[in-house]
file input-v6.txt (compact mmCIF, C-alpha atoms)
# COMPACT_ATOMS: atom_id res chain seq x y z
CA MET Q 676 -28.01 20.95 -64.97
CA ARG Q 677 -31.68 21.78 -65.42
CA ALA Q 678 -31.33 25.44 -64.40
CA ALA Q 679 -28.61 26.08 -66.99
CA LYS Q 680 -30.95 24.79 -69.71
CA LEU Q 681 -33.36 27.64 -68.88
CA ILE Q 682 -30.85 30.23 -70.08
CA GLU Q 683 -31.57 31.43 -73.62
CA PRO Q 684 -29.41 33.40 -76.10
CA GLY Q 685 -29.32 37.13 -75.40
CA MET Q 686 -30.38 36.86 -71.77
CA ARG Q 687 -29.00 39.06 -69.00
CA VAL Q 688 -28.39 36.61 -66.17
CA GLY Q 689 -27.93 37.10 -62.44
CA LEU Q 690 -25.53 34.61 -60.87
CA GLY Q 691 -26.08 33.75 -57.23
CA THR Q 692 -23.64 32.59 -54.57
CA GLY Q 693 -23.11 29.34 -52.71
CA SER Q 694 -22.24 25.69 -53.05
CA THR Q 695 -25.32 24.76 -55.10
CA VAL Q 696 -24.88 27.67 -57.50
CA ILE Q 697 -21.35 26.52 -58.32
CA TYR Q 698 -22.81 23.61 -60.30
CA PHE Q 699 -25.09 25.99 -62.21
CA VAL Q 700 -22.21 28.32 -63.09
CA GLU Q 701 -20.09 25.36 -64.21
CA ALA Q 702 -22.89 24.17 -66.50
CA LEU Q 703 -23.41 27.70 -67.81
CA ILE Q 704 -19.70 28.02 -68.60
CA GLU Q 705 -19.93 24.87 -70.70
CA ARG Q 706 -22.95 26.24 -72.57
CA CYS Q 707 -21.13 29.52 -73.26
CA ARG Q 708 -18.12 27.62 -74.55
CA GLY Q 709 -20.54 25.81 -76.82
CA GLY Q 710 -21.75 29.07 -78.36
CA LEU Q 711 -24.42 30.45 -76.00
CA GLU Q 712 -24.24 34.27 -76.03
CA ILE Q 713 -25.37 35.94 -72.80
CA GLN Q 714 -24.29 38.63 -70.36
CA ALA Q 715 -24.16 38.07 -66.61
CA VAL Q 716 -23.89 39.83 -63.26
CA ALA Q 717 -22.44 38.05 -60.21
CA SER Q 718 -23.69 38.52 -56.66
CA SER Q 719 -20.27 37.99 -55.07
CA GLU Q 720 -16.60 38.34 -55.86
CA LYS Q 721 -16.22 34.57 -55.61
CA THR Q 722 -18.87 33.93 -58.25
CA LEU Q 723 -17.48 36.79 -60.34
CA GLU Q 724 -14.02 35.22 -60.40
CA MET Q 725 -15.45 31.85 -61.38
CA ALA Q 726 -17.56 33.30 -64.18
CA ARG Q 727 -14.72 35.43 -65.50
CA ALA Q 728 -12.29 32.51 -65.48
CA GLY Q 729 -14.85 30.46 -67.39
CA GLY Q 730 -15.32 33.09 -70.05
CA ILE Q 731 -18.87 34.22 -69.25
CA PRO Q 732 -19.29 37.84 -70.49
CA LEU Q 733 -19.91 40.11 -67.49
CA LEU Q 734 -21.88 43.34 -67.25
CA LYS Q 735 -20.31 46.27 -65.38
CA THR Q 736 -23.69 47.93 -64.79
CA PHE Q 737 -27.29 46.79 -65.16
CA ASP Q 738 -30.85 47.94 -64.69
CA VAL Q 739 -33.04 44.91 -65.36
CA LEU Q 740 -32.18 41.23 -65.71
CA ASP Q 741 -34.05 38.46 -67.48
CA ILE Q 742 -33.33 35.77 -64.92
CA THR Q 743 -31.40 35.12 -61.72
CA VAL Q 744 -30.44 31.67 -60.50
CA ASP Q 745 -29.54 31.34 -56.84
CA GLY Q 746 -29.72 29.01 -53.87
CA ALA Q 747 -31.33 29.31 -50.44
CA ASP Q 748 -30.58 28.32 -46.86
CA GLU Q 749 -34.29 27.65 -46.26
CA ILE Q 750 -37.41 27.87 -48.42
CA ASP Q 751 -41.00 27.28 -47.33
CA PRO Q 752 -44.11 26.24 -49.33
CA MET Q 753 -44.85 29.92 -50.11
CA LYS Q 754 -41.33 30.26 -51.60
CA ARG Q 755 -40.33 32.59 -48.78
CA MET Q 756 -36.62 32.17 -48.12
CA ILE Q 757 -33.74 32.75 -45.76
CA LYS Q 758 -30.54 33.48 -47.67
CA GLY Q 759 -27.11 34.86 -46.90
CA GLY Q 760 -25.16 31.90 -45.57
CA GLY Q 761 -22.37 32.93 -47.92
CA GLY Q 762 -22.56 36.56 -46.81
CA ALA Q 763 -23.80 37.98 -50.14
CA LEU Q 764 -27.43 38.63 -49.20
CA LEU Q 765 -27.53 42.33 -50.11
CA ARG Q 766 -26.22 41.84 -53.64
CA GLU Q 767 -28.30 38.68 -54.02
CA LYS Q 768 -31.46 40.60 -53.15
CA ILE Q 769 -30.61 43.41 -55.58
CA LEU Q 770 -30.22 40.88 -58.39
CA ALA Q 771 -33.42 39.04 -57.46
CA PHE Q 772 -35.40 42.27 -57.28
CA ALA Q 773 -34.08 43.41 -60.67
CA SER Q 774 -34.95 40.11 -62.37
CA SER Q 775 -38.06 39.24 -64.32
CA HIS Q 776 -37.70 35.62 -63.19
CA MET Q 777 -35.87 34.08 -60.23
CA VAL Q 778 -35.02 30.39 -60.16
CA VAL Q 779 -34.03 28.90 -56.80
CA ILE Q 780 -32.02 25.68 -56.74
CA VAL Q 781 -31.74 23.74 -53.47
CA ASP Q 782 -31.35 20.22 -52.16
CA GLU Q 783 -34.33 18.73 -50.36
CA SER Q 784 -32.89 19.47 -46.89
CA LYS Q 785 -33.48 23.20 -47.47
CA CYS Q 786 -37.25 22.80 -47.87
CA VAL Q 787 -39.04 23.57 -44.58
CA ASP Q 788 -42.58 24.07 -43.35
CA LYS Q 789 -41.65 27.29 -41.52
CA LEU Q 790 -38.63 29.60 -41.74
CA GLY Q 791 -36.40 30.17 -38.76
CA THR Q 792 -34.40 27.03 -38.09
CA ALA Q 793 -31.50 28.35 -40.17
CA LYS Q 794 -29.64 31.39 -38.92
CA LEU Q 795 -30.88 34.69 -40.33
CA PRO Q 796 -28.04 36.93 -41.56
CA LEU Q 797 -28.29 40.70 -41.36
CA GLU Q 798 -25.92 42.98 -43.26
CA VAL Q 799 -24.90 45.67 -40.77
CA LEU Q 800 -23.10 48.96 -41.28
CA PRO Q 801 -19.71 48.96 -39.49
CA PHE Q 802 -20.32 52.44 -38.02
CA GLY Q 803 -21.98 51.91 -34.64
CA HIS Q 804 -22.31 48.17 -35.21
CA LEU Q 805 -22.30 47.39 -31.49
CA ALA Q 806 -25.10 49.88 -30.92
CA THR Q 807 -27.02 48.32 -33.81
CA ALA Q 808 -26.56 44.84 -32.33
CA SER Q 809 -27.75 45.97 -28.90
CA SER Q 810 -31.02 47.14 -30.49
CA ILE Q 811 -31.78 43.77 -32.07
CA PRO Q 812 -34.29 41.86 -29.90
CA TYR Q 813 -33.04 38.38 -30.87
CA LYS Q 814 -30.05 36.27 -29.94
CA GLY Q 815 -27.18 36.64 -32.36
CA GLU Q 816 -23.51 37.30 -32.96
CA PHE Q 817 -21.29 38.92 -35.53
CA ARG Q 818 -19.93 36.44 -38.05
CA LYS Q 819 -16.20 35.89 -37.95
CA LYS Q 820 -13.61 34.67 -40.41
CA GLY Q 821 -10.88 33.25 -38.25
CA SER Q 822 -10.31 35.70 -35.41
CA GLU Q 823 -11.52 38.73 -37.37
CA LEU Q 824 -15.00 39.94 -38.17
CA PHE Q 825 -16.30 38.70 -41.51
CA ILE Q 826 -16.47 41.56 -44.03
CA THR Q 827 -18.87 41.41 -46.96
CA ASP Q 828 -17.95 42.38 -50.51
CA ASN Q 829 -19.68 45.69 -49.71
CA GLY Q 830 -17.39 46.35 -46.74
CA ASN Q 831 -20.05 45.65 -44.10
CA TYR Q 832 -20.50 43.13 -41.28
CA ILE Q 833 -22.84 40.14 -40.98
CA TYR Q 834 -24.86 39.64 -37.80
CA ASP Q 835 -26.36 36.14 -37.59
CA LEU Q 836 -29.62 35.73 -35.68
CA HIS Q 837 -30.81 32.49 -34.05
CA PHE Q 838 -34.50 32.09 -33.34
CA ALA Q 839 -35.79 29.98 -30.45
CA GLN Q 840 -38.35 28.34 -32.74
CA PRO Q 841 -39.60 28.51 -36.35
CA LEU Q 842 -41.43 31.71 -37.22
CA ASP Q 843 -45.20 32.00 -37.68
CA ASP Q 844 -44.94 35.51 -39.14
CA PRO Q 845 -41.50 36.16 -40.69
CA GLU Q 846 -42.79 39.31 -42.44
CA SER Q 847 -43.37 41.07 -39.11
CA VAL Q 848 -39.88 40.06 -37.92
CA ASP Q 849 -38.42 41.41 -41.15
CA CYS Q 850 -40.25 44.72 -40.69
CA GLN Q 851 -39.06 44.96 -37.08
CA LEU Q 852 -35.43 44.37 -38.05
CA ARG Q 853 -35.52 46.80 -40.96
CA SER Q 854 -36.63 49.58 -38.61
CA ILE Q 855 -33.31 49.43 -36.71
CA PRO Q 856 -30.77 52.02 -37.93
CA GLY Q 857 -27.62 50.27 -39.14
CA VAL Q 858 -29.40 47.17 -40.41
CA LEU Q 859 -28.86 47.50 -44.16
CA GLU Q 860 -30.62 44.30 -45.27
CA THR Q 861 -32.04 41.08 -43.89
CA GLY Q 862 -31.69 37.56 -45.24
CA PHE Q 863 -35.46 37.23 -45.63
CA PHE Q 864 -36.47 36.98 -49.29
CA PHE Q 865 -40.21 37.37 -49.87
CA GLU Q 866 -42.17 37.33 -53.15
CA LEU Q 867 -39.00 37.02 -55.23
CA ALA Q 868 -38.73 33.32 -56.14
CA ASN Q 869 -40.73 32.34 -59.23
CA GLU Q 870 -39.47 28.80 -59.78
CA LEU Q 871 -38.03 26.18 -57.44
CA ILE Q 872 -35.78 23.30 -58.51
CA VAL Q 873 -35.17 20.72 -55.79
CA GLY Q 874 -32.38 18.21 -56.09
CA VAL Q 875 -33.17 14.85 -54.52
CA SER Q 876 -30.35 12.56 -53.46
call {"tool": "encode", "arguments": {"input": "input-v6.txt", "output": "structure tokens"}}
result
Amino acid sequence: MRAAKLIEPGMRVGLGTGSTVIYFVEALIERCRGGLEIQAVASSEKTLEMARAGGIPLLKTFDVLDITVDGADEIDPMKRMIKGGGGALLREKILAFASSHMVVIVDESKCVDKLGTAKLPLEVLPFGHLATASSIPYKGEFRKKGSELFITDNGNYIYDLHFAQPLDDPESVDCQLRSIPGVLETGFFFELANELIVGVS
């Protein structure tokens, strides 16, 4: 995989979450088995388990990373993204923000002219979550896993928003949502992606 070839010896690597990233992690495992020496941080427990089982050395703590490779639910021509379909948006954003370079890998269906067709996940504090939801001026619902509320690896809830139409100004929507107490993070990712790799079927 092209993204795995970008990883150089000695790098500190952020590992994203999602179906596309699985292929990257698999390719990186093969490179590590072939002698590549790196250290990595995973954005979710699922990715962590996969990396650990494959023998990728994992960091317990980190300050800065050389590169993060992750996917996206939507990405526009300005490389603005909606992420969090897998429920790991808070950790994903921490890794992206800490990285000198972020590579986004998607299939062509994720490339859009405007953000807002995909659902926008919010990570919400469990305390007062119904009050938080009632303050959000967009249609949405708490994500469930079976009959129970979905719980993130951080112990929080995910509230998925659905917009009536694509957004002309996602930055203002992001600012509006961030001002609501209890909203810990949004799935908007701005000015974080440096490189985009699009898979074409």
call {"tool": "closest_atom_pairs", "arguments": {"input": "input-v6.txt", "of": "region 765-848 of chain Q", "to": "region 712-723 of chain Q", "cutoff": "12 Å", "atoms": "all atoms listed in the file", "output": "JSON lines"}}
result
{"residue": "Q:Leu765", "atom": "CA", "partner": "Q:Ser718", "partner_atom": "CA", "distance": 8.5}
{"residue": "Q:Arg766", "atom": "CA", "partner": "Q:Ser718", "partner_atom": "CA", "distance": 5.2}
{"residue": "Q:Glu767", "atom": "CA", "partner": "Q:Ser718", "partner_atom": "CA", "distance": 5.3}
{"residue": "Q:Lys768", "atom": "CA", "partner": "Q:Ser718", "partner_atom": "CA", "distance": 8.8}
{"residue": "Q:Ile769", "atom": "CA", "partner": "Q:Ser718", "partner_atom": "CA", "distance": 8.5}
{"residue": "Q:Leu770", "atom": "CA", "partner": "Q:Ser718", "partner_atom": "CA", "distance": 7.2}
{"residue": "Q:Ala771", "atom": "CA", "partner": "Q:Ser718", "partner_atom": "CA", "distance": 9.8}
{"residue": "Q:Ala773", "atom": "CA", "partner": "Q:Val716", "partner_atom": "CA", "distance": 11.1}
{"residue": "Q:Ser774", "atom": "CA", "partner": "Q:Val716", "partner_atom": "CA", "distance": 11.1}
{"residue": "Q:Thr827", "atom": "CA", "partner": "Q:Ser719", "partner_atom": "CA", "distance": 8.9}
{"residue": "Q:Asp828", "atom": "CA", "partner": "Q:Ser719", "partner_atom": "CA", "distance": 6.7}
{"residue": "Q:Asn829", "atom": "CA", "partner": "Q:Ser719", "partner_atom": "CA", "distance": 9.4}
call {"tool": "closest_residue", "arguments": {"input": "input-v6.txt", "among": "Q:Val696, Q:Gly857, Q:Val779, Q:Val688", "to": "Phe737 (chain Q)", "atoms": "only C-alpha atoms"}}
result
Q:Val688
call {"tool": "residues_around", "arguments": {"input": "input-v6.txt", "residues": "Gly803 (chain Q)", "least_positions_apart": "5", "cutoff": "12 Å", "atoms": "only C-alpha atoms", "output": "PyMOL selection string"}}
result
chain Q and resi 808-810+831-832+855-858
call {"tool": "closest_residue", "arguments": {"input": "input-v6.txt", "among": "Q:Phe865, Q:Phe825, Q:Tyr813, Q:Phe772", "to": "Lys794 (chain Q)", "atoms": "all atoms listed in the file"}}
result
Q:Tyr813
call {"tool": "atom_distance", "arguments": {"input": "input-v6.txt", "atom1": "CA of Asp835 (chain Q)", "atom2": "CA of Gly862 (chain Q)"}}
result
9.4 Å
call {"tool": "closest_residue", "arguments": {"input": "input-v6.txt", "among": "Q:Asp738, Q:Glu724, Q:Glu701, Q:Glu798", "to": "Leu836 (chain Q)", "atoms": "all atoms listed in the file"}}
result
Q:Glu798
call {"tool": "axis_aligned_box", "arguments": {"input": "input-v6.txt", "around": "region 796-812 of chain Q", "padding_each_side": "3 Å", "output": "AutoDock Vina command-line options"}}
result
--center_x -27.0 --center_y 44.7 --center_z -36.1 --size_x 20.6 --size_y 21.5 --size_z 20.4
call {"tool": "closest_residue", "arguments": {"input": "input-v6.txt", "among": "Q:Ser784, Q:Ile757, Q:Leu733, Q:Gly830", "to": "Leu867 (chain Q)", "atoms": "only C-alpha atoms"}}
result
Q:Ile757
call {"tool": "residues_around", "arguments": {"input": "input-v6.txt", "residues": "Ser694 (chain Q)", "least_positions_apart": "4", "cutoff": "12 Å", "atoms": "only C-alpha atoms", "output": "list in words"}}
result
Tyr698, Phe699, Val700, Glu701, Lys721, Thr722, Asp745, Gly746, Ala747, Asp748, Gly760, Gly761, Ile780, Val781 and Asp782 of chain Q
call {"tool": "write_last_selection", "arguments": {"input": "input-v6.txt", "atoms": "C-alpha atoms", "output": "PDB file, keeping the file's coordinate frame"}}
result
ATOM      1  CA  TYR Q 698     -22.810  23.610 -60.300  1.00  0.00           C
ATOM      2  CA  PHE Q 699     -25.090  25.990 -62.210  1.00  0.00           C
ATOM      3  CA  VAL Q 700     -22.210  28.320 -63.090  1.00  0.00           C
ATOM      4  CA  GLU Q 701     -20.090  25.360 -64.210  1.00  0.00           C
ATOM      5  CA  LYS Q 721     -16.220  34.570 -55.610  1.00  0.00           C
ATOM      6  CA  THR Q 722     -18.870  33.930 -58.250  1.00  0.00           C
ATOM      7  CA  ASP Q 745     -29.540  31.340 -56.840  1.00  0.00           C
ATOM      8  CA  GLY Q 746     -29.720  29.010 -53.870  1.00  0.00           C
ATOM      9  CA  ALA Q 747     -31.330  29.310 -50.440  1.00  0.00           C
ATOM     10  CA  ASP Q 748     -30.580  28.320 -46.860  1.00  0.00           C
ATOM     11  CA  GLY Q 760     -25.160  31.900 -45.570  1.00  0.00           C
ATOM     12  CA  GLY Q 761     -22.370  32.930 -47.920  1.00  0.00           C
ATOM     13  CA  ILE Q 780     -32.020  25.680 -56.740  1.00  0.00           C
ATOM     14  CA  VAL Q 781     -31.740  23.740 -53.470  1.00  0.00           C
ATOM     15  CA  ASP Q 782     -31.350  20.220 -52.160  1.00  0.00           C
TER      16      ASP Q 782
END
call {"tool": "atom_distance", "arguments": {"input": "input-v6.txt", "atom1": "CA of Lys680 (chain Q)", "atom2": "CA of Ile704 (chain Q)"}}
result
11.8 Å
call {"tool": "atom_distance", "arguments": {"input": "input-v6.txt", "atom1": "CA of Thr792 (chain Q)", "atom2": "CA of Met676 (chain Q)"}}
result
28.3 Å
call {"tool": "closest_residue", "arguments": {"input": "input-v6.txt", "among": "Q:Leu703, Q:Ile811, Q:Leu690, Q:Ala868", "to": "Ala763 (chain Q)", "atoms": "all atoms listed in the file"}}
result
Q:Leu690
call {"tool": "closest_residue", "arguments": {"input": "input-v6.txt", "among": "Q:Arg677, Q:Lys754, Q:Pro812, Q:Thr695", "to": "Gln851 (chain Q)", "atoms": "only C-alpha atoms"}}
result
Q:Pro812
call {"tool": "residues_around", "arguments": {"input": "input-v6.txt", "residues": "Pro845 (chain Q)", "least_positions_apart": "4", "cutoff": "12 Å", "atoms": "only C-alpha atoms", "output": "short mmCIF file (atom, residue, chain, number, x, y, z; two decimals) with C-alpha atoms, keeping the file's coordinate frame"}}
result
data_model
loop_
_atom_site.label_atom_id
_atom_site.label_comp_id
_atom_site.auth_asym_id
_atom_site.auth_seq_id
_atom_site.Cartn_x
_atom_site.Cartn_y
_atom_site.Cartn_z
CA ASP Q 751 -41.00 27.28 -47.33
CA MET Q 753 -44.85 29.92 -50.11
CA ARG Q 755 -40.33 32.59 -48.78
CA MET Q 756 -36.62 32.17 -48.12
CA ILE Q 757 -33.74 32.75 -45.76
CA LYS Q 789 -41.65 27.29 -41.52
CA LEU Q 790 -38.63 29.60 -41.74
CA GLY Q 791 -36.40 30.17 -38.76
CA THR Q 792 -34.40 27.03 -38.09
CA LEU Q 795 -30.88 34.69 -40.33
CA PHE Q 838 -34.50 32.09 -33.34
CA GLN Q 840 -38.35 28.34 -32.74
CA PRO Q 841 -39.60 28.51 -36.35
CA ASP Q 849 -38.42 41.41 -41.15
CA CYS Q 850 -40.25 44.72 -40.69
CA GLN Q 851 -39.06 44.96 -37.08
CA LEU Q 852 -35.43 44.37 -38.05
CA THR Q 861 -32.04 41.08 -43.89
CA GLY Q 862 -31.69 37.56 -45.24
CA PHE Q 863 -35.46 37.23 -45.63
CA PHE Q 864 -36.47 36.98 -49.29
CA PHE Q 865 -40.21 37.37 -49.87
#
call {"tool": "residues_near_point", "arguments": {"input": "input-v6.txt", "point": "(-15.9, 24.5, -69.0)", "cutoff": "12 Å", "atoms": "only C-alpha atoms", "output": "ChimeraX atom specification"}}
result
/Q:698-710,725-731
call {"tool": "residues_around", "arguments": {"input": "input-v6.txt", "residues": "Ile833 (chain Q)", "least_positions_apart": "3", "cutoff": "6 Å", "atoms": "all atoms listed in the file", "output": "PyMOL selection string"}}
result
chain Q and resi 797-799+817-818
call {"tool": "decode", "arguments": {"input": "input-v6.txt", "residues": "region 699-712 of chain Q", "atoms": "N, CA and C atoms", "output": "mmCIF file, in the first residue's frame"}}
result
data_model
loop_
_atom_site.group_PDB
_atom_site.id
_atom_site.type_symbol
_atom_site.label_atom_id
_atom_site.label_comp_id
_atom_site.auth_asym_id
_atom_site.auth_seq_id
_atom_site.Cartn_x
_atom_site.Cartn_y
_atom_site.Cartn_z
ATOM 1 N N PHE Q 699 -3.787 -0.309 5.624
ATOM 2 C CA PHE Q 699 -2.524 0.355 5.924
ATOM 3 C C PHE Q 699 -1.796 -0.347 7.056
ATOM 4 N N VAL Q 700 -2.514 -0.662 8.125
ATOM 5 C CA VAL Q 700 -1.887 -1.312 9.283
ATOM 6 C C VAL Q 700 -1.358 -2.693 8.884
ATOM 7 N N GLU Q 701 -2.113 -3.412 8.074
ATOM 8 C CA GLU Q 701 -1.637 -4.724 7.602
ATOM 9 C C GLU Q 701 -0.337 -4.589 6.821
ATOM 10 N N ALA Q 702 -0.260 -3.587 5.941
ATOM 11 C CA ALA Q 702 0.957 -3.371 5.160
ATOM 12 C C ALA Q 702 2.109 -2.925 6.049
ATOM 13 N N LEU Q 703 1.800 -2.129 7.074
ATOM 14 C CA LEU Q 703 2.840 -1.674 7.993
ATOM 15 C C LEU Q 703 3.370 -2.834 8.834
ATOM 16 N N ILE Q 704 2.505 -3.738 9.222
ATOM 17 C CA ILE Q 704 2.929 -4.932 9.964
ATOM 18 C C ILE Q 704 3.931 -5.725 9.134
ATOM 19 N N GLU Q 705 3.642 -5.884 7.857
ATOM 20 C CA GLU Q 705 4.553 -6.624 6.986
ATOM 21 C C GLU Q 705 5.899 -5.918 6.874
ATOM 22 N N ARG Q 706 5.899 -4.591 6.809
ATOM 23 C CA ARG Q 706 7.154 -3.850 6.732
ATOM 24 C C ARG Q 706 7.948 -3.984 8.042
ATOM 25 N N CYS Q 707 7.260 -3.982 9.162
ATOM 26 C CA CYS Q 707 7.942 -4.143 10.452
ATOM 27 C C CYS Q 707 8.531 -5.546 10.584
ATOM 28 N N ARG Q 708 7.819 -6.517 10.092
ATOM 29 C CA ARG Q 708 8.340 -7.893 10.111
ATOM 30 C C ARG Q 708 9.551 -8.024 9.197
ATOM 31 N N GLY Q 709 9.618 -7.136 8.214
ATOM 32 C CA GLY Q 709 10.754 -7.140 7.299
ATOM 33 C C GLY Q 709 11.934 -6.318 7.778
ATOM 34 N N GLY Q 710 11.819 -5.726 8.991
ATOM 35 C CA GLY Q 710 12.953 -5.024 9.565
ATOM 36 C C GLY Q 710 12.765 -3.535 9.807
ATOM 37 N N LEU Q 711 11.616 -2.959 9.399
ATOM 38 C CA LEU Q 711 11.370 -1.540 9.650
ATOM 39 C C LEU Q 711 11.208 -1.292 11.143
ATOM 40 N N GLU Q 712 11.979 -0.345 11.687
ATOM 41 C CA GLU Q 712 11.916 -0.021 13.115
ATOM 42 C C GLU Q 712 11.217 1.320 13.294
#
